[in-house]
Amino acid sequence: MKRIGLLTSGGDAPGMNAAIRAVVRSGIYFNMEVFGIERGYAGLIEDVVMPMEMRSVSNIVQFGGTKLRTARCLEMLTKEGQKQAVATLEKYGIEGLVVIGGDGSFRGARALTEEFGVPTIGIPGTIDNDLEYTDYTLGFDTAVNTCLDIINKLRDTMTSHERVCVVEVMGRHCGDIALYSGIASGAEIIVVPEIKFNMDEIVARIDRSRANGKHSNIIVVAEGVMSAEQFSKKLQEVTSYSIRPTCIGHVQRGGSPSMADRMLAAQFGNKAVRLLNEGIGNRVVGIRDNKIIDMDIIEAVSMKKKFNYELYETLQMISM
Ligand code: F6P
């Protein structure tokens, strides 16, 4: 393969720039020409394509966001949009495509592969960690660390005022950001879409912790359940504790990527290009049991994300 394309799609995630760098540099290593496509599939449909050189990706490894910018592209769900995307690839003689994005982006890649025979490799770039085939997605670690920093600060003020803080984190339909940031911050309670919550049990847990000498409580609520505002209102209906809601919001999507995310980016990007160089397409890359893996894209997108109940129980046992 002599010419490959690269795009970032869907919600951005810290580490996308580091992955772009890894793809471009690995492509150059294999004497490929690498083309960057701006604004995800929208740029592919609208022909916003530029050659990437060694120096186009200098000094970006440390930054959040994506140098190629990104978009959620509904047109890519249509046959017409897909045909247009393929026409752009043909115009530039691009033989293989690397797509950095989440579930939705992989569905676009799957269409290019299945319907049009374009070899594509997916790199899981989303803070949500909602893809079953990989233990971690790019950006998740940094997003959780951002949540931890904020929850630490919230704990300070909640303790001074003996309050309960309801903290809303992202994750769409997946509770992983809540689960990991809850355990790692010492939150007493997490509320996730995968487990039905019981408000009486939550109140009992707060009461118990107060009786045991705690002066504050943190409840991490995944956005897939409800907002911090809504949850606080419901909780206030059944308790007299002083409650404050906080929504962490899009700050989770930005910032300098952590070491873990930069390492994933380097390895995912490199693996994607190694596969294309061997003429292999229609795969996604990931990490399992600390090993970089690749898997059939169709199989990967059809897998249903499983929730880690053991980690949930761990939180129940140690945070009180
Ligand atoms: O998929 C990443 C994510 O940040 C989700 O956690 C969140 O629900 C969504 O994107 C927010 O999307 P937008 O940036 O379009 O508001």
# chains A, B, ... in the order shown; residues from 1 in each chain; ligands from 1

$ select_by_dssp --residues "segment 65-210 of chain A" --states "alpha helix (DSSP H)" --output "PyMOL selection string"
chain A and resi 79-92+103-116+140-161+176-185+199-210

$ residues_near_ligand --ligand "ligand 1" --cutoff "12 Å" --atoms "only C-alpha atoms and all ligand atoms" --output "tab-separated table (two decimals) with N, CA and C atoms, in the first residue's frame"
chain	number	residue	atom	x	y	z
A	9	SER	N	-12.88	11.23	13.98
A	9	SER	CA	-14.32	11.38	13.80
A	9	SER	C	-15.05	11.25	15.13
A	10	GLY	N	-16.23	11.85	15.21
A	10	GLY	CA	-17.03	11.80	16.44
A	10	GLY	C	-16.48	12.72	17.50
A	11	GLY	N	-16.82	12.45	18.76
A	11	GLY	CA	-16.32	13.30	19.86
A	11	GLY	C	-14.81	13.16	19.97
A	12	ASP	N	-14.12	14.29	20.19
A	12	ASP	CA	-12.66	14.19	20.29
A	12	ASP	C	-12.27	13.55	21.63
A	13	ALA	N	-11.01	13.17	21.72
A	13	ALA	CA	-10.53	12.51	22.95
A	13	ALA	C	-9.04	12.83	23.10
A	14	PRO	N	-8.58	13.09	24.33
A	14	PRO	CA	-7.15	13.37	24.52
A	14	PRO	C	-6.32	12.17	24.05
A	65	GLY	N	-7.50	17.58	22.01
A	65	GLY	CA	-8.17	17.95	20.76
A	65	GLY	C	-7.61	17.13	19.60
A	70	THR	N	-12.73	17.44	13.96
A	70	THR	CA	-13.61	16.28	13.91
A	70	THR	C	-15.05	16.73	13.73
A	71	ALA	N	-15.90	15.81	13.38
A	71	ALA	CA	-17.33	16.13	13.24
A	71	ALA	C	-18.14	14.85	13.39
A	72	ARG	N	-19.39	15.03	13.75
A	72	ARG	CA	-20.32	13.89	13.70
A	72	ARG	C	-21.06	14.05	12.37
A	73	CYS	N	-20.94	13.07	11.49
A	73	CYS	CA	-21.40	13.25	10.11
A	73	CYS	C	-22.56	12.30	9.80
A	101	GLY	N	-11.75	7.05	16.17
A	101	GLY	CA	-13.04	7.50	16.69
A	101	GLY	C	-13.71	6.42	17.50
A	102	GLY	N	-14.97	6.64	17.81
A	102	GLY	CA	-15.72	5.70	18.64
A	102	GLY	C	-16.62	4.80	17.81
A	103	ASP	N	-17.60	4.29	18.50
A	103	ASP	CA	-18.56	3.36	17.93
A	103	ASP	C	-19.16	3.82	16.59
A	104	GLY	N	-19.68	5.04	16.58
A	104	GLY	CA	-20.32	5.59	15.37
A	104	GLY	C	-19.34	5.69	14.23
A	105	SER	N	-18.12	6.09	14.54
A	105	SER	CA	-17.08	6.24	13.51
A	105	SER	C	-16.72	4.89	12.93
A	124	PRO	N	-9.62	3.00	18.44
A	124	PRO	CA	-10.69	3.42	19.35
A	124	PRO	C	-10.35	4.71	20.08
A	125	GLY	N	-10.89	5.82	19.63
A	125	GLY	CA	-10.63	7.12	20.25
A	125	GLY	C	-11.92	7.69	20.79
A	126	THR	N	-12.15	7.50	22.08
A	126	THR	CA	-13.33	8.07	22.75
A	126	THR	C	-13.09	8.02	24.25
A	127	ILE	N	-13.53	9.04	24.96
A	127	ILE	CA	-13.34	9.03	26.42
A	127	ILE	C	-14.27	8.03	27.09
A	128	ASP	N	-15.29	7.53	26.36
A	128	ASP	CA	-16.36	6.76	27.01
A	128	ASP	C	-15.97	5.34	27.45
A	129	ASN	N	-14.93	4.79	26.88
A	129	ASN	CA	-14.51	3.39	27.14
A	129	ASN	C	-15.69	2.42	26.96
A	130	ASP	N	-16.42	2.62	25.89
A	130	ASP	CA	-17.66	1.86	25.70
A	130	ASP	C	-17.56	0.80	24.62
A	131	LEU	N	-16.33	0.39	24.27
A	131	LEU	CA	-16.16	-0.65	23.25
A	131	LEU	C	-15.69	-1.94	23.91
A	137	THR	N	-10.10	2.56	25.73
A	137	THR	CA	-10.12	3.40	24.54
A	137	THR	C	-9.22	4.61	24.80
A	138	LEU	N	-8.76	5.21	23.71
A	138	LEU	CA	-7.88	6.36	23.79
A	138	LEU	C	-8.65	7.56	24.37
A	139	GLY	N	-8.11	8.16	25.42
A	139	GLY	CA	-8.73	9.35	26.00
A	139	GLY	C	-9.42	9.08	27.33
A	140	PHE	N	-9.74	7.81	27.56
A	140	PHE	CA	-10.46	7.45	28.79
A	140	PHE	C	-9.62	7.77	30.03
A	143	ALA	N	-9.43	11.48	30.69
A	143	ALA	CA	-10.74	12.00	31.12
A	143	ALA	C	-10.98	11.64	32.59
A	144	VAL	N	-10.64	10.42	32.97
A	144	VAL	CA	-10.86	10.01	34.37
A	144	VAL	C	-9.94	10.83	35.28
A	168	GLU	N	-21.73	14.91	38.07
A	168	GLU	CA	-22.12	14.25	36.82
A	168	GLU	C	-20.91	14.12	35.89
A	169	VAL	N	-20.70	12.90	35.41
A	169	VAL	CA	-19.60	12.68	34.46
A	169	VAL	C	-20.18	12.17	33.14
A	170	MET	N	-19.35	12.24	32.09
A	170	MET	CA	-19.81	11.79	30.77
A	170	MET	C	-19.76	10.28	30.63
A	171	GLY	N	-19.94	9.79	29.41
A	171	GLY	CA	-19.87	8.35	29.16
A	171	GLY	C	-20.99	7.84	28.28
A	172	ARG	N	-21.90	8.74	27.91
A	172	ARG	CA	-23.05	8.36	27.10
A	172	ARG	C	-23.81	7.22	27.80
A	173	HIS	N	-23.92	6.01	27.20
A	173	HIS	CA	-24.68	4.93	27.86
A	173	HIS	C	-23.79	4.04	28.72
A	174	CYS	N	-22.55	4.42	28.86
A	174	CYS	CA	-21.58	3.55	29.55
A	174	CYS	C	-21.19	4.17	30.90
A	175	GLY	N	-21.10	3.33	31.93
A	175	GLY	CA	-20.80	3.83	33.27
A	175	GLY	C	-19.32	3.81	33.65
A	176	ASP	N	-18.44	3.53	32.68
A	176	ASP	CA	-17.03	3.35	33.04
A	176	ASP	C	-16.36	4.60	33.61
A	177	ILE	N	-16.66	5.77	33.07
A	177	ILE	CA	-16.00	6.98	33.61
A	177	ILE	C	-16.44	7.15	35.07
A	178	ALA	N	-17.72	6.91	35.34
A	178	ALA	CA	-18.23	7.03	36.72
A	178	ALA	C	-17.59	5.96	37.62
A	222	ALA	N	-23.38	8.94	36.37
A	222	ALA	CA	-23.09	8.92	34.93
A	222	ALA	C	-24.20	9.65	34.19
A	223	GLU	N	-23.82	10.43	33.17
A	223	GLU	CA	-24.82	11.21	32.44
A	223	GLU	C	-25.92	10.35	31.82
A	224	GLY	N	-25.60	9.07	31.58
A	224	GLY	CA	-26.58	8.16	30.98
A	224	GLY	C	-27.73	7.84	31.92
A	225	VAL	N	-27.60	8.19	33.20
A	225	VAL	CA	-28.69	7.96	34.17
A	225	VAL	C	-29.58	9.20	34.22
A	226	MET	N	-28.99	10.30	34.59
A	226	MET	CA	-29.68	11.60	34.59
A	226	MET	C	-28.66	12.68	34.94
A	227	SER	N	-29.08	13.93	34.93
A	227	SER	CA	-28.13	15.00	35.21
A	227	SER	C	-27.91	15.12	36.72
A	248	ILE	N	-19.33	18.04	35.42
A	248	ILE	CA	-17.95	18.29	34.96
A	248	ILE	C	-17.93	18.69	33.49
A	249	GLY	N	-18.74	18.08	32.68
A	249	GLY	CA	-18.94	18.53	31.30
A	249	GLY	C	-17.75	18.34	30.37
A	250	HIS	N	-17.66	19.19	29.37
A	250	HIS	CA	-16.71	18.99	28.27
A	250	HIS	C	-15.25	19.17	28.66
A	251	VAL	N	-14.99	19.63	29.88
A	251	VAL	CA	-13.60	19.71	30.32
A	251	VAL	C	-12.98	18.31	30.29
A	252	GLN	N	-13.83	17.28	30.42
A	252	GLN	CA	-13.36	15.88	30.36
A	252	GLN	C	-12.78	15.52	28.99
A	253	ARG	N	-13.16	16.25	27.98
A	253	ARG	CA	-12.73	15.90	26.63
A	253	ARG	C	-11.42	16.58	26.22
A	254	GLY	N	-10.97	17.55	27.06
A	254	GLY	CA	-9.78	18.30	26.66
A	254	GLY	C	-8.58	17.98	27.53

$ atom_distance --atom1 "atom CA of Glu115 of chain A" --atom2 "atom CA of Asn31 of chain A"
28.5 Å

$ closest_residue --among "A:Met317, A:Phe30, A:Arg288, A:Val166" --to "Pro245 of chain A" --atoms "only C-alpha atoms"
A:Val166

$ atom_distance --atom1 "atom CA of Val164 of chain A" --atom2 "atom CA of Asn217 of chain A"
4.6 Å

$ residues_around --residues "Val23 of chain A" --least-positions-apart "4" --cutoff "7 Å" --atoms "only C-alpha atoms" --output "ChimeraX atom specification"
/A:19,27,269-270,273

$ write_last_selection --atoms "N, CA and C atoms" --output "PDB file, in the first residue's frame"
ATOM      1  N   ALA A  19      -2.007  10.012  18.369  1.00  0.00           N
ATOM      2  CA  ALA A  19      -2.284   8.908  17.436  1.00  0.00           C
ATOM      3  C   ALA A  19      -2.074   9.366  15.988  1.00  0.00           C
ATOM      4  N   GLY A  27       3.621   5.686   8.745  1.00  0.00           N
ATOM      5  CA  GLY A  27       3.405   5.641   7.290  1.00  0.00           C
ATOM      6  C   GLY A  27       4.656   6.081   6.550  1.00  0.00           C
ATOM      7  N   GLY A 269      -1.555   3.663  16.758  1.00  0.00           N
ATOM      8  CA  GLY A 269      -1.245   4.286  15.465  1.00  0.00           C
ATOM      9  C   GLY A 269      -0.262   3.442  14.679  1.00  0.00           C
ATOM     10  N   ASN A 270       0.761   2.981  15.376  1.00  0.00           N
ATOM     11  CA  ASN A 270       1.786   2.185  14.726  1.00  0.00           C
ATOM     12  C   ASN A 270       1.219   0.849  14.231  1.00  0.00           C
ATOM     13  N   VAL A 273      -0.897   1.138  11.026  1.00  0.00           N
ATOM     14  CA  VAL A 273      -0.128   1.282   9.780  1.00  0.00           C
ATOM     15  C   VAL A 273       0.610  -0.014   9.443  1.00  0.00           C
TER      16      VAL A 273
END

$ residues_around --residues "Arg21 of chain A" --least-positions-apart "2" --cutoff "8 Å" --atoms "only C-alpha atoms" --output "ChimeraX atom specification"
/A:17-19,23-25,57-58,60-61,266,269

$ residues_around --residues "segment 82-86 of chain A" --least-positions-apart "2" --cutoff "12 Å" --atoms "only C-alpha atoms" --output "number ranges by chain"
A: 5, 7, 37, 40-49, 73-80, 88-97, 107-120

$ write_last_selection --atoms "N, CA and C atoms" --output "short mmCIF file (atom, residue, chain, number, x, y, z; two decimals), in the first residue's frame"
data_model
loop_
_atom_site.label_atom_id
_atom_site.label_comp_id
_atom_site.auth_asym_id
_atom_site.auth_seq_id
_atom_site.Cartn_x
_atom_site.Cartn_y
_atom_site.Cartn_z
N GLY A 5 -4.98 7.20 3.98
CA GLY A 5 -5.66 8.38 4.51
C GLY A 5 -5.90 8.20 6.01
N LEU A 7 -8.29 9.99 9.35
CA LEU A 7 -9.24 10.99 9.85
C LEU A 7 -9.60 10.72 11.30
N ILE A 37 -7.36 13.88 6.47
CA ILE A 37 -8.68 14.35 6.04
C ILE A 37 -9.27 15.15 7.20
N GLY A 40 -13.28 14.79 9.92
CA GLY A 40 -13.84 13.44 9.86
C GLY A 40 -14.43 13.08 8.52
N TYR A 41 -15.52 12.30 8.55
CA TYR A 41 -16.16 11.86 7.30
C TYR A 41 -16.71 13.04 6.50
N ALA A 42 -17.05 14.12 7.20
CA ALA A 42 -17.57 15.31 6.49
C ALA A 42 -16.51 15.81 5.52
N GLY A 43 -15.24 15.83 5.97
CA GLY A 43 -14.13 16.27 5.12
C GLY A 43 -13.87 15.31 3.98
N LEU A 44 -14.15 14.03 4.23
CA LEU A 44 -13.95 13.03 3.18
C LEU A 44 -15.02 13.23 2.09
N ILE A 45 -16.23 13.49 2.53
CA ILE A 45 -17.32 13.71 1.57
C ILE A 45 -17.11 15.03 0.81
N GLU A 46 -16.61 16.04 1.55
CA GLU A 46 -16.44 17.37 0.92
C GLU A 46 -15.05 17.57 0.32
N ASP A 47 -14.22 16.55 0.32
CA ASP A 47 -12.89 16.60 -0.28
C ASP A 47 -11.97 17.64 0.38
N VAL A 48 -11.83 17.53 1.71
CA VAL A 48 -10.89 18.41 2.42
C VAL A 48 -9.71 17.54 2.85
N VAL A 49 -8.79 17.37 1.90
CA VAL A 49 -7.71 16.39 2.06
C VAL A 49 -6.38 17.10 1.91
N CYS A 73 -20.94 13.07 11.49
CA CYS A 73 -21.40 13.25 10.11
C CYS A 73 -22.56 12.30 9.80
N LEU A 74 -23.77 12.86 9.75
CA LEU A 74 -24.96 12.04 9.49
C LEU A 74 -25.00 11.55 8.04
N GLU A 75 -24.39 12.36 7.15
CA GLU A 75 -24.39 12.01 5.73
C GLU A 75 -23.68 10.67 5.48
N MET A 76 -22.73 10.36 6.35
CA MET A 76 -21.97 9.12 6.17
C MET A 76 -22.84 7.88 6.41
N LEU A 77 -24.01 8.11 7.02
CA LEU A 77 -24.93 6.98 7.23
C LEU A 77 -25.72 6.67 5.97
N THR A 78 -25.66 7.56 4.97
CA THR A 78 -26.43 7.35 3.74
C THR A 78 -25.53 6.76 2.64
N LYS A 79 -26.15 6.03 1.73
CA LYS A 79 -25.41 5.43 0.60
C LYS A 79 -24.74 6.52 -0.23
N GLU A 80 -25.49 7.62 -0.42
CA GLU A 80 -24.99 8.73 -1.24
C GLU A 80 -23.71 9.31 -0.62
N THR A 88 -13.81 10.46 -3.18
CA THR A 88 -12.66 11.30 -2.75
C THR A 88 -11.42 10.41 -2.57
N LEU A 89 -11.60 9.26 -1.97
CA LEU A 89 -10.45 8.35 -1.77
C LEU A 89 -9.85 7.98 -3.13
N GLU A 90 -10.74 7.69 -4.08
CA GLU A 90 -10.26 7.29 -5.43
C GLU A 90 -9.53 8.45 -6.10
N LYS A 91 -10.06 9.65 -5.93
CA LYS A 91 -9.45 10.84 -6.55
C LYS A 91 -7.98 10.98 -6.14
N TYR A 92 -7.68 10.69 -4.88
CA TYR A 92 -6.30 10.84 -4.38
C TYR A 92 -5.50 9.54 -4.46
N GLY A 93 -6.12 8.51 -4.95
CA GLY A 93 -5.43 7.21 -5.02
C GLY A 93 -5.15 6.64 -3.65
N ILE A 94 -6.01 6.96 -2.67
CA ILE A 94 -5.82 6.46 -1.30
C ILE A 94 -6.33 5.02 -1.23
N GLU A 95 -5.42 4.13 -0.84
CA GLU A 95 -5.76 2.69 -0.89
C GLU A 95 -6.24 2.13 0.44
N GLY A 96 -5.94 2.82 1.52
CA GLY A 96 -6.36 2.34 2.84
C GLY A 96 -6.62 3.53 3.75
N LEU A 97 -7.49 3.32 4.75
CA LEU A 97 -7.91 4.45 5.58
C LEU A 97 -7.81 4.08 7.07
N ARG A 107 -18.74 2.45 12.61
CA ARG A 107 -19.83 2.01 11.73
C ARG A 107 -19.63 2.58 10.32
N GLY A 108 -19.13 3.82 10.26
CA GLY A 108 -18.79 4.42 8.95
C GLY A 108 -17.68 3.63 8.29
N ALA A 109 -16.68 3.26 9.07
CA ALA A 109 -15.54 2.50 8.53
C ALA A 109 -16.01 1.13 8.04
N ARG A 110 -16.93 0.55 8.81
CA ARG A 110 -17.47 -0.77 8.45
C ARG A 110 -18.19 -0.69 7.10
N ALA A 111 -18.94 0.40 6.89
CA ALA A 111 -19.65 0.57 5.61
C ALA A 111 -18.66 0.66 4.46
N LEU A 112 -17.57 1.42 4.66
CA LEU A 112 -16.57 1.56 3.59
C LEU A 112 -15.95 0.21 3.25
N THR A 113 -15.72 -0.56 4.29
CA THR A 113 -15.13 -1.88 4.13
C THR A 113 -16.10 -2.85 3.46
N GLU A 114 -17.29 -2.97 4.09
CA GLU A 114 -18.26 -3.99 3.66
C GLU A 114 -18.84 -3.70 2.28
N GLU A 115 -19.26 -2.44 2.11
CA GLU A 115 -20.00 -2.10 0.88
C GLU A 115 -19.08 -1.76 -0.29
N PHE A 116 -17.89 -1.19 0.03
CA PHE A 116 -17.05 -0.67 -1.06
C PHE A 116 -15.66 -1.29 -1.12
N GLY A 117 -15.39 -2.20 -0.19
CA GLY A 117 -14.09 -2.90 -0.22
C GLY A 117 -12.88 -2.03 0.09
N VAL A 118 -13.09 -0.90 0.78
CA VAL A 118 -11.94 -0.05 1.14
C VAL A 118 -11.31 -0.62 2.42
N PRO A 119 -10.02 -0.99 2.38
CA PRO A 119 -9.40 -1.49 3.61
C PRO A 119 -9.33 -0.37 4.66
N THR A 120 -9.95 -0.61 5.79
CA THR A 120 -9.93 0.41 6.85
C THR A 120 -9.44 -0.21 8.14
#

$ residues_around --residues "Glu201 of chain A" --least-positions-apart "2" --cutoff "12 Å" --atoms "only C-alpha atoms" --output "list in words"
Ile189, Val191, Lys196, Phe197, Asn198, Met199, Val203, Ala204, Arg205, Ile206, Asp207, Arg208, Leu235, Val238 and Gln316 of chain A

$ closest_residue --among "A:Ser256, A:Thr159, A:Ser56, A:Thr246" --to "Phe231 of chain A" --atoms "only C-alpha atoms"
A:Thr246

$ select_by_dssp --residues "segment 59-303 of chain A" --states "strand (DSSP E or B)" --output "ChimeraX atom specification"
/A:96-101,120-125,138,164-169,189-191,217-222,243-247,283-288,291-296

$ atom_distance --atom1 "atom CA of Arg3 of chain A" --atom2 "atom CA of Gly122 of chain A"
16.8 Å

$ closest_residue --among "A:Met320, A:Ala265, A:Leu311, A:Leu68" --to "Ile202 of chain A" --atoms "only C-alpha atoms"
A:Met320

$ residues_around --residues "Met32 of chain A" --least-positions-apart "3" --cutoff "9 Å" --atoms "only C-alpha atoms" --output "ChimeraX atom specification"
/A:1-4,24,26-29,277

$ closest_residue --among "A:Met52, A:Ile287, A:Leu276, A:Val99" --to "Met263 of chain A" --atoms "only C-alpha atoms"
A:Ile287

$ decode --residues "segment 143-153 of chain A" --atoms "all heavy atoms" --output "short mmCIF file (atom, residue, chain, number, x, y, z; two decimals), in the first residue's frame"
data_model
loop_
_atom_site.label_atom_id
_atom_site.label_comp_id
_atom_site.auth_asym_id
_atom_site.auth_seq_id
_atom_site.Cartn_x
_atom_site.Cartn_y
_atom_site.Cartn_z
N ALA A 143 -9.43 11.48 30.69
CA ALA A 143 -10.74 12.00 31.12
C ALA A 143 -10.98 11.64 32.59
O ALA A 143 -11.43 12.49 33.38
CB ALA A 143 -11.84 11.42 30.24
N VAL A 144 -10.64 10.42 32.97
CA VAL A 144 -10.86 10.01 34.37
C VAL A 144 -9.94 10.83 35.28
O VAL A 144 -10.35 11.29 36.35
CB VAL A 144 -10.63 8.48 34.55
CG1 VAL A 144 -10.61 8.10 36.02
CG2 VAL A 144 -11.74 7.71 33.84
N ASN A 145 -8.70 11.04 34.84
CA ASN A 145 -7.78 11.86 35.65
C ASN A 145 -8.29 13.29 35.82
O ASN A 145 -8.13 13.89 36.89
CB ASN A 145 -6.37 11.85 35.06
CG ASN A 145 -5.62 10.60 35.48
OD1 ASN A 145 -5.42 10.35 36.67
ND2 ASN A 145 -5.23 9.77 34.53
N THR A 146 -8.92 13.81 34.77
CA THR A 146 -9.52 15.15 34.88
C THR A 146 -10.63 15.13 35.93
O THR A 146 -10.75 16.04 36.76
CB THR A 146 -10.07 15.59 33.50
OG1 THR A 146 -8.98 15.66 32.60
CG2 THR A 146 -10.76 16.94 33.57
N CYS A 147 -11.45 14.08 35.88
CA CYS A 147 -12.54 13.96 36.87
C CYS A 147 -11.96 13.88 38.28
O CYS A 147 -12.48 14.52 39.22
CB CYS A 147 -13.38 12.71 36.61
SG CYS A 147 -14.32 12.80 35.08
N LEU A 148 -10.87 13.13 38.44
CA LEU A 148 -10.28 12.97 39.77
C LEU A 148 -9.82 14.32 40.32
O LEU A 148 -10.05 14.64 41.49
CB LEU A 148 -9.08 12.02 39.72
CG LEU A 148 -9.39 10.56 39.37
CD1 LEU A 148 -8.12 9.72 39.43
CD2 LEU A 148 -10.44 9.99 40.31
N ASP A 149 -9.19 15.09 39.46
CA ASP A 149 -8.70 16.40 39.89
C ASP A 149 -9.86 17.26 40.40
O ASP A 149 -9.77 17.90 41.45
CB ASP A 149 -8.00 17.06 38.68
CG ASP A 149 -7.38 18.37 39.04
OD1 ASP A 149 -6.77 18.44 40.13
OD2 ASP A 149 -7.51 19.33 38.25
N ILE A 150 -10.96 17.22 39.68
CA ILE A 150 -12.12 18.03 40.06
C ILE A 150 -12.79 17.48 41.32
O ILE A 150 -13.15 18.23 42.23
CB ILE A 150 -13.10 18.14 38.87
CG1 ILE A 150 -12.43 18.98 37.77
CG2 ILE A 150 -14.43 18.75 39.30
CD1 ILE A 150 -13.10 18.91 36.44
N ILE A 151 -12.92 16.16 41.38
CA ILE A 151 -13.58 15.56 42.56
C ILE A 151 -12.75 15.82 43.83
O ILE A 151 -13.30 16.10 44.90
CB ILE A 151 -13.86 14.05 42.33
CG1 ILE A 151 -14.85 13.87 41.19
CG2 ILE A 151 -14.39 13.40 43.61
CD1 ILE A 151 -15.05 12.43 40.71
N ASN A 152 -11.41 15.78 43.69
CA ASN A 152 -10.55 16.10 44.85
C ASN A 152 -10.88 17.49 45.38
O ASN A 152 -10.98 17.72 46.58
CB ASN A 152 -9.07 16.10 44.46
CG ASN A 152 -8.55 14.71 44.13
OD1 ASN A 152 -9.17 13.72 44.49
ND2 ASN A 152 -7.42 14.64 43.44
N LYS A 153 -11.04 18.42 44.46
CA LYS A 153 -11.33 19.81 44.87
C LYS A 153 -12.71 19.90 45.49
O LYS A 153 -12.94 20.63 46.48
CB LYS A 153 -11.20 20.75 43.66
CG LYS A 153 -9.77 20.91 43.24
CD LYS A 153 -9.61 21.66 41.94
CE LYS A 153 -8.11 21.79 41.64
NZ LYS A 153 -7.81 22.02 40.25
#
